[in-house]
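Below you'll find the structure, written out as structure tokens, and then a few comments.
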Amino acid sequence: MRRTASTLAALVLVGGLASCGGRQDAASTDAGGDVNCEVTKDTRVGIATGNATGVYFALGNAYAEQIGTAGGKLKATAAETGASVQNIQQVVAGTYNVAFSLADTAADAINGTGSFTAKQPIAALARIHTNYTHVIVRSGAGIKDVAGMRGKRVSTGSPKSGTEVIANRILKAAGLDPAKDISAQKLDLTKTVDGMKDGSIDAMFWSGGLPTPGVTDLLTTAAGKVQFLDVTPLLPDLQKINPVYEAGTVPAATYKTPADVPTIIVPNFLLVREDLDPDVACVLTRVLFDRKAQLEQANAAAKEISLDTARKTEPVPLHRGSVKALDDLNAPK
């Protein structure tokens with residue numbers, strides 16, 4: 001019995017070591033040399049996405065599936081996360097290999113500003129779709145603009161998410177202190193939508209692609225009880241922080257709103273550690289464009305993925321493996 005117990009303990013220890021980073025199929029680091037865009041040994045990557053009812057999650061899971069079916073030795077798994085800030089932190093820590101991120105958060109990471117106290121060793125695979133800032137209020141809450149959120153229960157998104165970053169910047173631009181002037185509800189999109197439906201939340205921020213499934217659900221089930229706010233008057237203040245913020249429009253057809261909704265938009269990037277094996281980075285980039293049609297079936301936001309804009313990831317540098325892939329695909333420089 002003692003021998004059996006010892007054997008079981010040893011197995012548990014080995015399993016524990018494997019789960020803590022001892023996997024033999026983990027992506028390796030950059031050893032220099034030419035980029036062949038081939039993964040010759042069994043390799044698995046983890047993809048950090050976002051909230052379960054958001055576009056990152058939908059596209060991330062579809063992307064992981066396409067990586068696995070594209071042939072070769074590379075496989076992938078996507079995971080639900082809090083999104084941009086957390087994603088970058090976990091990619092840098094080695095918990096995941098690929099991260100969806102808003103461009104403004106990625107810029108903060110490169111510069112060591114905002115949510116980051118030091119410059120982060122990240123690189124981009126490509127620019128992908130655009131995120132649209134959704135600011136929605138309950139019609140009975142009496143909120144006419146962002147300044148009118150004072151004293152209200154406001155969901156600013158998951159902690160350490162790109163939504164939270166943008167929400168706090170918009171609130172400050174409207175003259176509000178997010179820590180004092182509102183009752184901040186730091187909730188993921190699913191809980192936020194539930195709160196808007198049952199009246200426990202007065203207003204919400206969400207940064208996501210079009211359409212975001214959770215927002216579609218809210219606008220469908222609570223039609224007439226919620227409405228969008230136009231936050232574009234606050235755009236100049238956000239552009240002082242980062243010029244990546246632009247004016248955009250949520251078309252009326254997206255959520256069947258009475259009219260188009262003016263809003264603030266920001267691009268998204270796919271990020272990796274700067275020292276990721278360049279052959280892995282090259283294959284990841286090729287799959288993104290080779291399987292774009294399949295990604296579009298998962299969510300219409302993937303229609304925005306384009307070789308014409310793939311290299312536009314400033315100030316985040318492209319990974320050298322991605323550069324090889326984009327060169328091979330004749331992406332404009």
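By convention in this document, the chains of the structure tokens carry letters A, B, ... by their order, each chain's residues are numbered from 1, and ligands are numbered from 1 in the order they are shown.
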
Contacts of Thr95 (chain A) within 12 Å, only C-alpha atoms, excl. fewer than 5 positions in-chain, as a PyMOL selection string:
chain A and resi 19-21+26-27+45-48+78-79+81+86-90+272-273

Taking N, CA, C and O atoms for each residue, export the selection above as a PDB file, in the first residue's frame.
```pdb
ATOM      1  N   SER A  19       1.469  20.476 -15.823  1.00  0.00           N
ATOM      2  CA  SER A  19       0.461  21.528 -15.908  1.00  0.00           C
ATOM      3  C   SER A  19       1.030  22.894 -15.589  1.00  0.00           C
ATOM      4  O   SER A  19       0.442  23.900 -15.916  1.00  0.00           O
ATOM      5  N   CYS A  20       2.194  22.946 -14.973  1.00  0.00           N
ATOM      6  CA  CYS A  20       2.798  24.231 -14.604  1.00  0.00           C
ATOM      7  C   CYS A  20       3.847  24.686 -15.602  1.00  0.00           C
ATOM      8  O   CYS A  20       4.695  25.502 -15.296  1.00  0.00           O
ATOM      9  N   GLY A  21       3.832  24.102 -16.797  1.00  0.00           N
ATOM     10  CA  GLY A  21       4.750  24.590 -17.813  1.00  0.00           C
ATOM     11  C   GLY A  21       5.696  23.535 -18.317  1.00  0.00           C
ATOM     12  O   GLY A  21       6.594  23.835 -19.106  1.00  0.00           O
ATOM     13  N   ALA A  26       4.787  23.026 -26.004  1.00  0.00           N
ATOM     14  CA  ALA A  26       4.658  24.478 -25.895  1.00  0.00           C
ATOM     15  C   ALA A  26       5.490  25.162 -26.978  1.00  0.00           C
ATOM     16  O   ALA A  26       6.528  24.655 -27.404  1.00  0.00           O
ATOM     17  N   ALA A  27       5.012  26.322 -27.440  1.00  0.00           N
ATOM     18  CA  ALA A  27       5.739  27.065 -28.463  1.00  0.00           C
ATOM     19  C   ALA A  27       7.091  27.510 -27.925  1.00  0.00           C
ATOM     20  O   ALA A  27       7.202  27.971 -26.796  1.00  0.00           O
ATOM     21  N   VAL A  45      -0.613  26.324 -28.969  1.00  0.00           N
ATOM     22  CA  VAL A  45      -0.622  27.696 -28.465  1.00  0.00           C
ATOM     23  C   VAL A  45      -1.958  27.992 -27.805  1.00  0.00           C
ATOM     24  O   VAL A  45      -2.996  27.452 -28.192  1.00  0.00           O
ATOM     25  N   GLY A  46      -1.928  28.861 -26.811  1.00  0.00           N
ATOM     26  CA  GLY A  46      -3.136  29.319 -26.140  1.00  0.00           C
ATOM     27  C   GLY A  46      -3.475  30.726 -26.588  1.00  0.00           C
ATOM     28  O   GLY A  46      -2.585  31.576 -26.717  1.00  0.00           O
ATOM     29  N   ILE A  47      -4.755  30.978 -26.839  1.00  0.00           N
ATOM     30  CA  ILE A  47      -5.212  32.280 -27.318  1.00  0.00           C
ATOM     31  C   ILE A  47      -6.082  32.933 -26.256  1.00  0.00           C
ATOM     32  O   ILE A  47      -7.113  32.379 -25.855  1.00  0.00           O
ATOM     33  N   ALA A  48      -5.695  34.110 -25.798  1.00  0.00           N
ATOM     34  CA  ALA A  48      -6.471  34.877 -24.817  1.00  0.00           C
ATOM     35  C   ALA A  48      -7.457  35.756 -25.575  1.00  0.00           C
ATOM     36  O   ALA A  48      -7.061  36.568 -26.405  1.00  0.00           O
ATOM     37  N   ALA A  78      -8.528  28.347 -27.451  1.00  0.00           N
ATOM     38  CA  ALA A  78      -8.920  29.699 -27.053  1.00  0.00           C
ATOM     39  C   ALA A  78      -9.551  29.669 -25.675  1.00  0.00           C
ATOM     40  O   ALA A  78     -10.200  28.697 -25.296  1.00  0.00           O
ATOM     41  N   ALA A  79      -9.366  30.754 -24.910  1.00  0.00           N
ATOM     42  CA  ALA A  79      -9.896  30.822 -23.546  1.00  0.00           C
ATOM     43  C   ALA A  79     -10.599  32.151 -23.312  1.00  0.00           C
ATOM     44  O   ALA A  79     -10.185  33.198 -23.831  1.00  0.00           O
ATOM     45  N   THR A  81     -11.350  35.395 -21.244  1.00  0.00           N
ATOM     46  CA  THR A  81     -10.539  36.211 -20.341  1.00  0.00           C
ATOM     47  C   THR A  81     -11.236  37.546 -20.093  1.00  0.00           C
ATOM     48  O   THR A  81     -12.301  37.823 -20.639  1.00  0.00           O
ATOM     49  N   GLN A  86      -5.471  42.369 -19.290  1.00  0.00           N
ATOM     50  CA  GLN A  86      -5.173  41.053 -18.743  1.00  0.00           C
ATOM     51  C   GLN A  86      -4.521  40.163 -19.797  1.00  0.00           C
ATOM     52  O   GLN A  86      -3.569  39.428 -19.497  1.00  0.00           O
ATOM     53  N   ASN A  87      -5.001  40.227 -21.028  1.00  0.00           N
ATOM     54  CA  ASN A  87      -4.440  39.402 -22.095  1.00  0.00           C
ATOM     55  C   ASN A  87      -2.953  39.677 -22.292  1.00  0.00           C
ATOM     56  O   ASN A  87      -2.145  38.757 -22.429  1.00  0.00           O
ATOM     57  N   ILE A  88      -2.609  40.955 -22.333  1.00  0.00           N
ATOM     58  CA  ILE A  88      -1.194  41.309 -22.531  1.00  0.00           C
ATOM     59  C   ILE A  88      -0.359  40.838 -21.355  1.00  0.00           C
ATOM     60  O   ILE A  88       0.736  40.272 -21.531  1.00  0.00           O
ATOM     61  N   GLN A  89      -0.845  41.052 -20.163  1.00  0.00           N
ATOM     62  CA  GLN A  89      -0.106  40.606 -18.985  1.00  0.00           C
ATOM     63  C   GLN A  89       0.138  39.103 -19.018  1.00  0.00           C
ATOM     64  O   GLN A  89       1.227  38.625 -18.684  1.00  0.00           O
ATOM     65  N   GLN A  90      -0.865  38.341 -19.444  1.00  0.00           N
ATOM     66  CA  GLN A  90      -0.729  36.891 -19.433  1.00  0.00           C
ATOM     67  C   GLN A  90       0.112  36.376 -20.590  1.00  0.00           C
ATOM     68  O   GLN A  90       0.768  35.341 -20.468  1.00  0.00           O
ATOM     69  N   VAL A 272       1.639  38.929 -29.615  1.00  0.00           N
ATOM     70  CA  VAL A 272       2.420  37.809 -29.078  1.00  0.00           C
ATOM     71  C   VAL A 272       3.619  38.386 -28.341  1.00  0.00           C
ATOM     72  O   VAL A 272       3.892  39.590 -28.418  1.00  0.00           O
ATOM     73  N   ARG A 273       4.339  37.543 -27.628  1.00  0.00           N
ATOM     74  CA  ARG A 273       5.614  37.994 -27.080  1.00  0.00           C
ATOM     75  C   ARG A 273       6.583  38.241 -28.228  1.00  0.00           C
ATOM     76  O   ARG A 273       6.559  37.538 -29.248  1.00  0.00           O
TER      77      ARG A 273
END
```

Name the residues in contact with Val146 (chain A) at a cut-off of 9 Å, using only C-alpha atoms, excluding same-chain residues fewer than 5 positions from it; report them as a list of chain:residue names.
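Listed by chain and then number, they are A:Val135, A:Ile170, A:Leu171, A:Ala174, A:Gly175, A:Leu176, A:Leu229, A:Asp230, A:Val231.
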
Please return as a short mmCIF file (atom, residue, chain, number, x, y, z; two decimals) with all heavy atoms, in the first residue's frame: the residues of region 10-155 of chain A that backbone DSSP assigns to helix (DSSP H, G or I).
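Below is the file that was written, result_20.cif:
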```cif
data_model
loop_
_atom_site.label_atom_id
_atom_site.label_comp_id
_atom_site.auth_asym_id
_atom_site.auth_seq_id
_atom_site.Cartn_x
_atom_site.Cartn_y
_atom_site.Cartn_z
N ALA A 10 3.89 10.20 -6.99
CA ALA A 10 4.84 10.54 -8.05
C ALA A 10 4.10 10.95 -9.32
O ALA A 10 4.46 11.91 -10.00
CB ALA A 10 5.76 9.35 -8.35
N LEU A 11 2.99 10.21 -9.62
CA LEU A 11 2.22 10.55 -10.80
C LEU A 11 1.59 11.93 -10.68
O LEU A 11 1.56 12.71 -11.62
CB LEU A 11 1.14 9.50 -11.03
CG LEU A 11 1.63 8.13 -11.53
CD1 LEU A 11 0.47 7.14 -11.53
CD2 LEU A 11 2.24 8.23 -12.91
N VAL A 12 1.07 12.21 -9.49
CA VAL A 12 0.48 13.53 -9.25
C VAL A 12 1.52 14.62 -9.41
O VAL A 12 1.29 15.67 -10.00
CB VAL A 12 -0.16 13.60 -7.85
CG1 VAL A 12 -0.58 15.03 -7.53
CG2 VAL A 12 -1.38 12.68 -7.79
N LEU A 13 2.72 14.38 -8.90
CA LEU A 13 3.79 15.37 -8.99
C LEU A 13 4.16 15.63 -10.44
O LEU A 13 4.30 16.76 -10.88
CB LEU A 13 5.01 14.88 -8.20
CG LEU A 13 6.25 15.81 -8.25
CD1 LEU A 13 5.89 17.19 -7.71
CD2 LEU A 13 7.41 15.20 -7.46
N VAL A 14 4.31 14.52 -11.22
CA VAL A 14 4.65 14.68 -12.63
C VAL A 14 3.55 15.44 -13.37
O VAL A 14 3.81 16.35 -14.15
CB VAL A 14 4.88 13.29 -13.28
CG1 VAL A 14 5.01 13.44 -14.79
CG2 VAL A 14 6.14 12.65 -12.71
N GLY A 15 2.28 15.07 -13.06
CA GLY A 15 1.17 15.78 -13.70
C GLY A 15 1.16 17.24 -13.34
O GLY A 15 0.91 18.11 -14.16
N GLY A 16 1.47 17.53 -12.05
CA GLY A 16 1.49 18.93 -11.62
C GLY A 16 2.57 19.71 -12.31
O GLY A 16 2.38 20.84 -12.72
N LEU A 17 3.76 19.08 -12.49
CA LEU A 17 4.84 19.77 -13.17
C LEU A 17 4.47 20.04 -14.62
O LEU A 17 4.75 21.11 -15.16
CB LEU A 17 6.12 18.92 -13.11
CG LEU A 17 6.79 18.82 -11.75
CD1 LEU A 17 7.93 17.81 -11.78
CD2 LEU A 17 7.30 20.17 -11.29
N ALA A 18 3.80 19.04 -15.25
CA ALA A 18 3.41 19.24 -16.64
C ALA A 18 2.42 20.39 -16.77
O ALA A 18 2.51 21.21 -17.67
CB ALA A 18 2.79 17.95 -17.19
N SER A 19 1.47 20.48 -15.82
CA SER A 19 0.46 21.53 -15.91
C SER A 19 1.03 22.89 -15.59
O SER A 19 0.44 23.90 -15.92
CB SER A 19 -0.69 21.21 -14.96
OG SER A 19 -0.26 21.28 -13.62
N CYS A 20 2.19 22.95 -14.97
CA CYS A 20 2.80 24.23 -14.60
C CYS A 20 3.85 24.69 -15.60
O CYS A 20 4.69 25.50 -15.30
CB CYS A 20 3.43 24.12 -13.22
SG CYS A 20 2.23 23.94 -11.90
N GLY A 21 3.83 24.10 -16.80
CA GLY A 21 4.75 24.59 -17.81
C GLY A 21 5.70 23.54 -18.32
O GLY A 21 6.59 23.83 -19.11
N GLY A 22 5.54 22.28 -17.91
CA GLY A 22 6.41 21.24 -18.37
C GLY A 22 5.97 20.59 -19.66
O GLY A 22 6.49 19.56 -20.06
N VAL A 55 -17.05 39.67 -29.24
CA VAL A 55 -16.49 39.29 -30.54
C VAL A 55 -15.14 38.60 -30.38
O VAL A 55 -14.84 37.65 -31.11
CB VAL A 55 -16.39 40.52 -31.45
CG1 VAL A 55 -15.63 40.19 -32.74
CG2 VAL A 55 -17.78 41.05 -31.79
N TYR A 56 -14.29 39.07 -29.46
CA TYR A 56 -12.99 38.41 -29.26
C TYR A 56 -13.17 36.91 -29.04
O TYR A 56 -12.43 36.09 -29.59
CB TYR A 56 -12.28 38.98 -28.03
CG TYR A 56 -11.61 40.32 -28.15
CD1 TYR A 56 -10.98 40.88 -27.04
CD2 TYR A 56 -11.56 41.02 -29.34
CE1 TYR A 56 -10.33 42.11 -27.11
CE2 TYR A 56 -10.93 42.25 -29.42
CZ TYR A 56 -10.32 42.80 -28.30
OH TYR A 56 -9.68 44.01 -28.37
N PHE A 57 -14.14 36.56 -28.20
CA PHE A 57 -14.35 35.16 -27.86
C PHE A 57 -14.82 34.37 -29.08
O PHE A 57 -14.33 33.27 -29.35
CB PHE A 57 -15.37 35.04 -26.73
CG PHE A 57 -15.55 33.65 -26.19
CD1 PHE A 57 -14.61 33.09 -25.34
CD2 PHE A 57 -16.67 32.89 -26.53
CE1 PHE A 57 -14.78 31.80 -24.84
CE2 PHE A 57 -16.85 31.61 -26.03
CZ PHE A 57 -15.89 31.06 -25.18
N ALA A 58 -15.77 34.94 -29.82
CA ALA A 58 -16.28 34.26 -31.01
C ALA A 58 -15.18 34.07 -32.05
O ALA A 58 -15.00 32.96 -32.59
CB ALA A 58 -17.44 35.06 -31.61
N LEU A 59 -14.44 35.13 -32.34
CA LEU A 59 -13.37 35.03 -33.33
C LEU A 59 -12.21 34.18 -32.83
O LEU A 59 -11.61 33.42 -33.60
CB LEU A 59 -12.87 36.42 -33.71
CG LEU A 59 -13.76 37.27 -34.60
CD1 LEU A 59 -13.06 38.58 -34.96
CD2 LEU A 59 -14.14 36.52 -35.86
N GLY A 60 -11.89 34.29 -31.55
CA GLY A 60 -10.77 33.54 -31.00
C GLY A 60 -10.99 32.04 -31.09
O GLY A 60 -10.07 31.28 -31.43
N ASN A 61 -12.20 31.60 -30.79
CA ASN A 61 -12.50 30.17 -30.89
C ASN A 61 -12.50 29.70 -32.34
O ASN A 61 -12.00 28.61 -32.65
CB ASN A 61 -13.85 29.87 -30.23
CG ASN A 61 -13.72 29.71 -28.72
OD1 ASN A 61 -13.39 28.64 -28.24
ND2 ASN A 61 -13.95 30.78 -27.99
N ALA A 62 -13.02 30.52 -33.25
CA ALA A 62 -12.99 30.17 -34.66
C ALA A 62 -11.56 30.13 -35.18
O ALA A 62 -11.19 29.24 -35.97
CB ALA A 62 -13.83 31.16 -35.46
N TYR A 63 -10.76 31.07 -34.74
CA TYR A 63 -9.35 31.13 -35.14
C TYR A 63 -8.60 29.89 -34.65
O TYR A 63 -7.84 29.27 -35.41
CB TYR A 63 -8.74 32.40 -34.56
CG TYR A 63 -7.31 32.71 -34.90
CD1 TYR A 63 -6.79 32.48 -36.16
CD2 TYR A 63 -6.47 33.29 -33.94
CE1 TYR A 63 -5.46 32.80 -36.47
CE2 TYR A 63 -5.16 33.62 -34.24
CZ TYR A 63 -4.66 33.37 -35.49
OH TYR A 63 -3.35 33.69 -35.79
N ALA A 64 -8.84 29.51 -33.41
CA ALA A 64 -8.20 28.31 -32.86
C ALA A 64 -8.57 27.08 -33.68
O ALA A 64 -7.72 26.22 -33.98
CB ALA A 64 -8.59 28.12 -31.40
N GLU A 65 -9.84 26.99 -34.06
CA GLU A 65 -10.30 25.86 -34.85
C GLU A 65 -9.62 25.83 -36.22
O GLU A 65 -9.17 24.77 -36.69
CB GLU A 65 -11.81 25.92 -35.03
CG GLU A 65 -12.38 24.75 -35.82
CD GLU A 65 -13.89 24.82 -35.99
OE1 GLU A 65 -14.50 25.75 -35.41
OE2 GLU A 65 -14.44 23.97 -36.70
N GLN A 66 -9.50 26.99 -36.84
CA GLN A 66 -8.88 27.05 -38.16
C GLN A 66 -7.38 26.75 -38.10
O GLN A 66 -6.82 26.15 -39.01
CB GLN A 66 -9.13 28.41 -38.80
CG GLN A 66 -10.58 28.68 -39.13
CD GLN A 66 -11.21 27.55 -39.94
OE1 GLN A 66 -10.64 27.08 -40.92
NE2 GLN A 66 -12.40 27.12 -39.52
N ILE A 67 -6.73 27.16 -37.03
CA ILE A 67 -5.32 26.82 -36.85
C ILE A 67 -5.15 25.31 -36.81
O ILE A 67 -4.26 24.73 -37.43
CB ILE A 67 -4.76 27.46 -35.56
CG1 ILE A 67 -4.68 28.99 -35.72
CG2 ILE A 67 -3.38 26.90 -35.21
CD1 ILE A 67 -4.46 29.73 -34.41
N GLY A 68 -6.08 24.65 -36.09
CA GLY A 68 -6.00 23.21 -35.95
C GLY A 68 -6.30 22.44 -37.21
O GLY A 68 -5.79 21.33 -37.41
N THR A 69 -7.16 23.02 -38.08
CA THR A 69 -7.55 22.30 -39.30
C THR A 69 -6.76 22.74 -40.52
O THR A 69 -6.95 22.20 -41.61
CB THR A 69 -9.05 22.51 -39.58
OG1 THR A 69 -9.32 23.91 -39.72
CG2 THR A 69 -9.90 21.93 -38.46
N SER A 84 -8.23 42.93 -22.99
CA SER A 84 -6.96 43.53 -23.40
C SER A 84 -5.83 43.61 -22.37
O SER A 84 -4.76 43.06 -22.58
CB SER A 84 -7.22 44.92 -23.97
OG SER A 84 -8.05 44.86 -25.10
N VAL A 85 -6.03 44.32 -21.27
CA VAL A 85 -4.94 44.50 -20.30
C VAL A 85 -4.51 43.15 -19.74
O VAL A 85 -3.31 42.81 -19.73
CB VAL A 85 -5.35 45.45 -19.16
CG1 VAL A 85 -4.24 45.54 -18.13
CG2 VAL A 85 -5.68 46.84 -19.70
N GLN A 86 -5.47 42.37 -19.29
CA GLN A 86 -5.17 41.05 -18.74
C GLN A 86 -4.52 40.16 -19.80
O GLN A 86 -3.57 39.43 -19.50
CB GLN A 86 -6.46 40.39 -18.24
CG GLN A 86 -6.24 39.02 -17.60
CD GLN A 86 -7.55 38.33 -17.27
OE1 GLN A 86 -8.41 38.17 -18.13
NE2 GLN A 86 -7.71 37.95 -16.02
N ASN A 87 -5.00 40.23 -21.03
CA ASN A 87 -4.44 39.40 -22.10
C ASN A 87 -2.95 39.68 -22.29
O ASN A 87 -2.15 38.76 -22.43
CB ASN A 87 -5.18 39.66 -23.41
CG ASN A 87 -6.57 39.06 -23.42
OD1 ASN A 87 -6.98 38.39 -22.47
ND2 ASN A 87 -7.30 39.28 -24.49
N ILE A 88 -2.61 40.96 -22.33
CA ILE A 88 -1.19 41.31 -22.53
C ILE A 88 -0.36 40.84 -21.36
O ILE A 88 0.74 40.27 -21.53
CB ILE A 88 -1.05 42.83 -22.74
CG1 ILE A 88 -1.69 43.23 -24.08
CG2 ILE A 88 0.42 43.25 -22.70
CD1 ILE A 88 -1.77 44.72 -24.32
N GLN A 89 -0.85 41.05 -20.16
CA GLN A 89 -0.11 40.61 -18.98
C GLN A 89 0.14 39.10 -19.02
O GLN A 89 1.23 38.62 -18.68
CB GLN A 89 -0.87 40.99 -17.71
CG GLN A 89 -0.92 42.49 -17.45
CD GLN A 89 -1.84 42.87 -16.31
OE1 GLN A 89 -2.76 42.12 -15.96
NE2 GLN A 89 -1.61 44.02 -15.70
N GLN A 90 -0.87 38.34 -19.44
CA GLN A 90 -0.73 36.89 -19.43
C GLN A 90 0.11 36.38 -20.59
O GLN A 90 0.77 35.34 -20.47
CB GLN A 90 -2.12 36.25 -19.42
CG GLN A 90 -2.86 36.53 -18.11
CD GLN A 90 -4.19 35.81 -18.00
OE1 GLN A 90 -4.87 35.58 -18.99
NE2 GLN A 90 -4.56 35.45 -16.78
N VAL A 91 0.11 37.08 -21.71
CA VAL A 91 1.02 36.70 -22.80
C VAL A 91 2.47 36.95 -22.39
O VAL A 91 3.34 36.12 -22.62
CB VAL A 91 0.66 37.46 -24.10
CG1 VAL A 91 1.84 37.46 -25.07
CG2 VAL A 91 -0.54 36.81 -24.77
N VAL A 92 2.71 38.08 -21.78
CA VAL A 92 4.07 38.39 -21.31
C VAL A 92 4.52 37.37 -20.26
O VAL A 92 5.67 36.95 -20.24
CB VAL A 92 4.13 39.82 -20.75
CG1 VAL A 92 5.47 40.08 -20.05
CG2 VAL A 92 3.92 40.85 -21.87
N ALA A 93 3.58 36.94 -19.41
CA ALA A 93 3.90 35.97 -18.36
C ALA A 93 4.04 34.54 -18.90
O ALA A 93 4.52 33.65 -18.19
CB ALA A 93 2.82 36.00 -17.28
N ALA A 103 -5.95 48.56 -29.66
CA ALA A 103 -4.72 49.24 -30.03
C ALA A 103 -4.26 50.24 -28.98
O ALA A 103 -3.06 50.41 -28.77
CB ALA A 103 -4.91 49.96 -31.37
N ASP A 104 -5.20 50.90 -28.29
CA ASP A 104 -4.78 51.88 -27.28
C ASP A 104 -4.12 51.19 -26.10
O ASP A 104 -3.11 51.67 -25.56
CB ASP A 104 -5.96 52.74 -26.83
CG ASP A 104 -7.11 51.93 -26.24
OD1 ASP A 104 -7.22 50.73 -26.54
OD2 ASP A 104 -7.91 52.51 -25.48
N THR A 105 -4.65 50.02 -25.69
CA THR A 105 -4.04 49.27 -24.60
C THR A 105 -2.69 48.73 -25.02
O THR A 105 -1.73 48.73 -24.23
CB THR A 105 -4.96 48.12 -24.17
OG1 THR A 105 -6.25 48.65 -23.82
CG2 THR A 105 -4.40 47.37 -22.98
N ALA A 106 -2.58 48.26 -26.26
CA ALA A 106 -1.30 47.76 -26.77
C ALA A 106 -0.26 48.88 -26.80
O ALA A 106 0.92 48.66 -26.47
CB ALA A 106 -1.49 47.18 -28.16
N ALA A 107 -0.69 50.08 -27.16
CA ALA A 107 0.24 51.22 -27.16
C ALA A 107 0.71 51.54 -25.75
O ALA A 107 1.89 51.83 -25.52
CB ALA A 107 -0.44 52.44 -27.79
N ASP A 108 -0.21 51.48 -24.78
CA ASP A 108 0.18 51.68 -23.38
C ASP A 108 1.21 50.64 -22.96
O ASP A 108 2.18 50.96 -22.25
CB ASP A 108 -1.05 51.56 -22.47
CG ASP A 108 -1.98 52.76 -22.55
OD1 ASP A 108 -1.57 53.80 -23.11
OD2 ASP A 108 -3.12 52.64 -22.07
N ALA A 109 1.02 49.39 -23.40
CA ALA A 109 1.95 48.31 -23.03
C ALA A 109 3.34 48.55 -23.60
O ALA A 109 4.35 48.36 -22.91
CB ALA A 109 1.40 46.97 -23.51
N ILE A 110 3.40 48.96 -24.85
CA ILE A 110 4.69 49.23 -25.48
C ILE A 110 5.41 50.40 -24.82
O ILE A 110 6.63 50.40 -24.65
CB ILE A 110 4.49 49.50 -26.99
CG1 ILE A 110 4.33 48.18 -27.74
CG2 ILE A 110 5.65 50.29 -27.57
CD1 ILE A 110 5.59 47.34 -27.85
N ASN A 111 4.64 51.41 -24.43
CA ASN A 111 5.22 52.62 -23.86
C ASN A 111 5.39 52.57 -22.35
O ASN A 111 6.01 53.46 -21.75
CB ASN A 111 4.36 53.83 -24.23
CG ASN A 111 4.34 54.09 -25.72
OD1 ASN A 111 5.36 53.94 -26.39
ND2 ASN A 111 3.20 54.48 -26.26
N SER A 139 -33.51 53.73 -20.55
CA SER A 139 -34.30 54.91 -20.94
C SER A 139 -34.89 55.63 -19.74
O SER A 139 -35.05 56.85 -19.75
CB SER A 139 -35.42 54.49 -21.90
OG SER A 139 -34.88 53.91 -23.07
N GLY A 140 -35.17 54.89 -18.66
CA GLY A 140 -35.78 55.51 -17.49
C GLY A 140 -34.79 56.04 -16.48
O GLY A 140 -35.18 56.53 -15.41
N ALA A 141 -33.48 55.99 -16.80
CA ALA A 141 -32.46 56.41 -15.85
C ALA A 141 -32.20 57.91 -15.87
O ALA A 141 -31.49 58.44 -15.01
CB ALA A 141 -31.15 55.66 -16.12
N VAL A 146 -22.79 61.58 -20.95
CA VAL A 146 -21.91 60.88 -20.00
C VAL A 146 -21.83 61.63 -18.67
O VAL A 146 -21.82 61.01 -17.60
CB VAL A 146 -20.50 60.69 -20.61
CG1 VAL A 146 -19.56 60.03 -19.60
CG2 VAL A 146 -20.58 59.84 -21.87
N ALA A 147 -21.83 62.95 -18.71
CA ALA A 147 -21.80 63.73 -17.47
C ALA A 147 -23.00 63.41 -16.59
O ALA A 147 -22.93 63.48 -15.35
CB ALA A 147 -21.74 65.22 -17.78
N GLY A 148 -24.10 63.00 -17.22
CA GLY A 148 -25.31 62.67 -16.49
C GLY A 148 -25.24 61.33 -15.77
O GLY A 148 -26.20 60.92 -15.10
N MET A 149 -24.12 60.63 -15.88
CA MET A 149 -23.93 59.36 -15.16
C MET A 149 -23.53 59.57 -13.70
O MET A 149 -23.41 58.60 -12.95
CB MET A 149 -22.88 58.50 -15.86
CG MET A 149 -23.29 57.98 -17.22
SD MET A 149 -22.02 56.90 -17.94
CE MET A 149 -22.74 56.59 -19.55
#
```

Would you mind reading off the distance between CA of Pro267 (chain A) and CA of Asn131 (chain A), one decimal, in Å?
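Separating CA of Pro267 (chain A) from CA of Asn131 (chain A) is a distance of 5.8 Å.
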
Give me the residues within 7 Å of Gly82 (chain A) as an MDAnalysis selection string, counting only C-alpha atoms and dropping any in the same chain fewer than 4 places off.
chainID A and resid 50:51 86 158:161

Export, as a JSON list (two decimals), in the first residue's frame, the selected residues with N, CA, C and O atoms.
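Heads up, here's the output in result_26.json:
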```json
[["chain", "number", "residue", "atom", "x", "y", "z"],
["A", 50, "GLY", "N", -11.62, 37.15, -24.71],
["A", 50, "GLY", "CA", -12.36, 38.17, -23.98],
["A", 50, "GLY", "C", -13.61, 37.57, -23.37],
["A", 50, "GLY", "O", -13.68, 36.36, -23.16],
["A", 51, "ASN", "N", -14.63, 38.40, -23.12],
["A", 51, "ASN", "CA", -15.87, 37.93, -22.51],
["A", 51, "ASN", "C", -16.61, 36.96, -23.43],
["A", 51, "ASN", "O", -16.57, 37.10, -24.65],
["A", 86, "GLN", "N", -5.47, 42.37, -19.29],
["A", 86, "GLN", "CA", -5.17, 41.05, -18.74],
["A", 86, "GLN", "C", -4.52, 40.16, -19.80],
["A", 86, "GLN", "O", -3.57, 39.43, -19.50],
["A", 158, "SER", "N", -15.17, 44.46, -17.59],
["A", 158, "SER", "CA", -14.35, 43.57, -16.77],
["A", 158, "SER", "C", -13.10, 44.29, -16.29],
["A", 158, "SER", "O", -12.53, 45.10, -17.02],
["A", 159, "PRO", "N", -12.65, 44.00, -15.05],
["A", 159, "PRO", "CA", -11.38, 44.56, -14.60],
["A", 159, "PRO", "C", -10.24, 44.17, -15.54],
["A", 159, "PRO", "O", -10.21, 43.06, -16.05],
["A", 160, "LYS", "N", -9.35, 45.10, -15.79],
["A", 160, "LYS", "CA", -8.19, 44.88, -16.67],
["A", 160, "LYS", "C", -8.60, 44.58, -18.11],
["A", 160, "LYS", "O", -7.92, 43.85, -18.82],
["A", 161, "SER", "N", -9.70, 45.18, -18.54],
["A", 161, "SER", "CA", -10.13, 45.03, -19.93],
["A", 161, "SER", "C", -9.91, 46.34, -20.68],
["A", 161, "SER", "O", -9.79, 47.42, -20.08]]
```

Å distance separating CA of Val316 (chain A) from CA of Thr77 (chain A), one decimal place:
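One can read the CA of Val316 (chain A) to CA of Thr77 (chain A) distance as 24.3 Å.
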